[in-house]
Amino acid sequence: MAASSGTMYGASLSEAGCRAECDADIRCTAYAFSEELPGAKPERCLLGQGVASLHPRPQWFAYAPRDAAGFLQGGGPISCFRRAGPVVLDGFRSAGAWSSVATLVLSLVLAASTCGSCCHLYNLLMLRQGKPTAAELSVLMCCPCCAHRVHRQLRDPIFDSDSDEEASSDNEDGDR
């Protein structure tokens, strides 16, 4: 309790009441209790830290850490207790970590399946000789220096036999 920083709060409470007050205050991490002895001070409760609005006067008195030992002196034996960290918060952090990992993995699976399905559909729709495949176009987009053959295929004009006949018939119609 001597290493506590911030304001400490003292009151005349039973041990159960002292524990209940510490449990009700989110900032309380430790408390000390002095039992009542005949001819001595009454039972005393000292909270290591606390929220000021939860400990109003006249029942509670605020003490600086250096003055807190004097509040407990003159009573019975002193017992110190430290409250454990909140279990719910650890569970929440664990659940949040697992959900973020699951979200990351699922986003990677979704991205891979989207790219795979787009490449597959491109290959099915552009099934012509001389046209680059989806994998070759991906290499061309990601690393143009590695795709020399594909780059050459895209620069060279590609004529289908159907488009040649249509172009020649259009020229004949335009001459008439």
# chains A, B, ... in the order shown; residues from 1 in each chain; ligands from 1
call {"tool": "residues_around", "arguments": {"residues": "Glu43 in chain A", "least_positions_apart": "4", "cutoff": "9 Å", "atoms": "only C-alpha atoms", "output": "VMD selection string"}}
result
chain A and resid 11 to 15 33 to 37 72 75 to 76
call {"tool": "residues_around", "arguments": {"residues": "Gly10 in chain A", "least_positions_apart": "5", "cutoff": "7 Å", "atoms": "only C-alpha atoms", "output": "PyMOL selection string"}}
result
chain A and resi 45-47+60-62
call {"tool": "select_by_dssp", "arguments": {"residues": "range 56-132 of chain A", "states": "strand (DSSP E)", "output": "ChimeraX atom specification"}}
result
/A:61-63,78-82
call {"tool": "write_last_selection", "arguments": {"atoms": "C-alpha atoms", "output": "mmCIF file, in the first residue's frame"}}
result
data_model
loop_
_atom_site.group_PDB
_atom_site.id
_atom_site.type_symbol
_atom_site.label_atom_id
_atom_site.label_comp_id
_atom_site.auth_asym_id
_atom_site.auth_seq_id
_atom_site.Cartn_x
_atom_site.Cartn_y
_atom_site.Cartn_z
ATOM 1 C CA PHE A 61 -11.566 10.921 4.145
ATOM 2 C CA ALA A 62 -8.958 11.529 1.428
ATOM 3 C CA TYR A 63 -5.315 10.874 2.311
ATOM 4 C CA ILE A 78 -3.537 -4.610 9.734
ATOM 5 C CA SER A 79 -4.405 -6.900 6.818
ATOM 6 C CA CYS A 80 -3.594 -5.893 3.241
ATOM 7 C CA PHE A 81 -5.401 -7.239 0.186
ATOM 8 C CA ARG A 82 -4.784 -6.824 -3.534
#
call {"tool": "select_by_dssp", "arguments": {"residues": "range 52-125 of chain A", "states": "helix (DSSP H, G or I)", "output": "ChimeraX atom specification"}}
result
/A:52-54,65-72,87-125
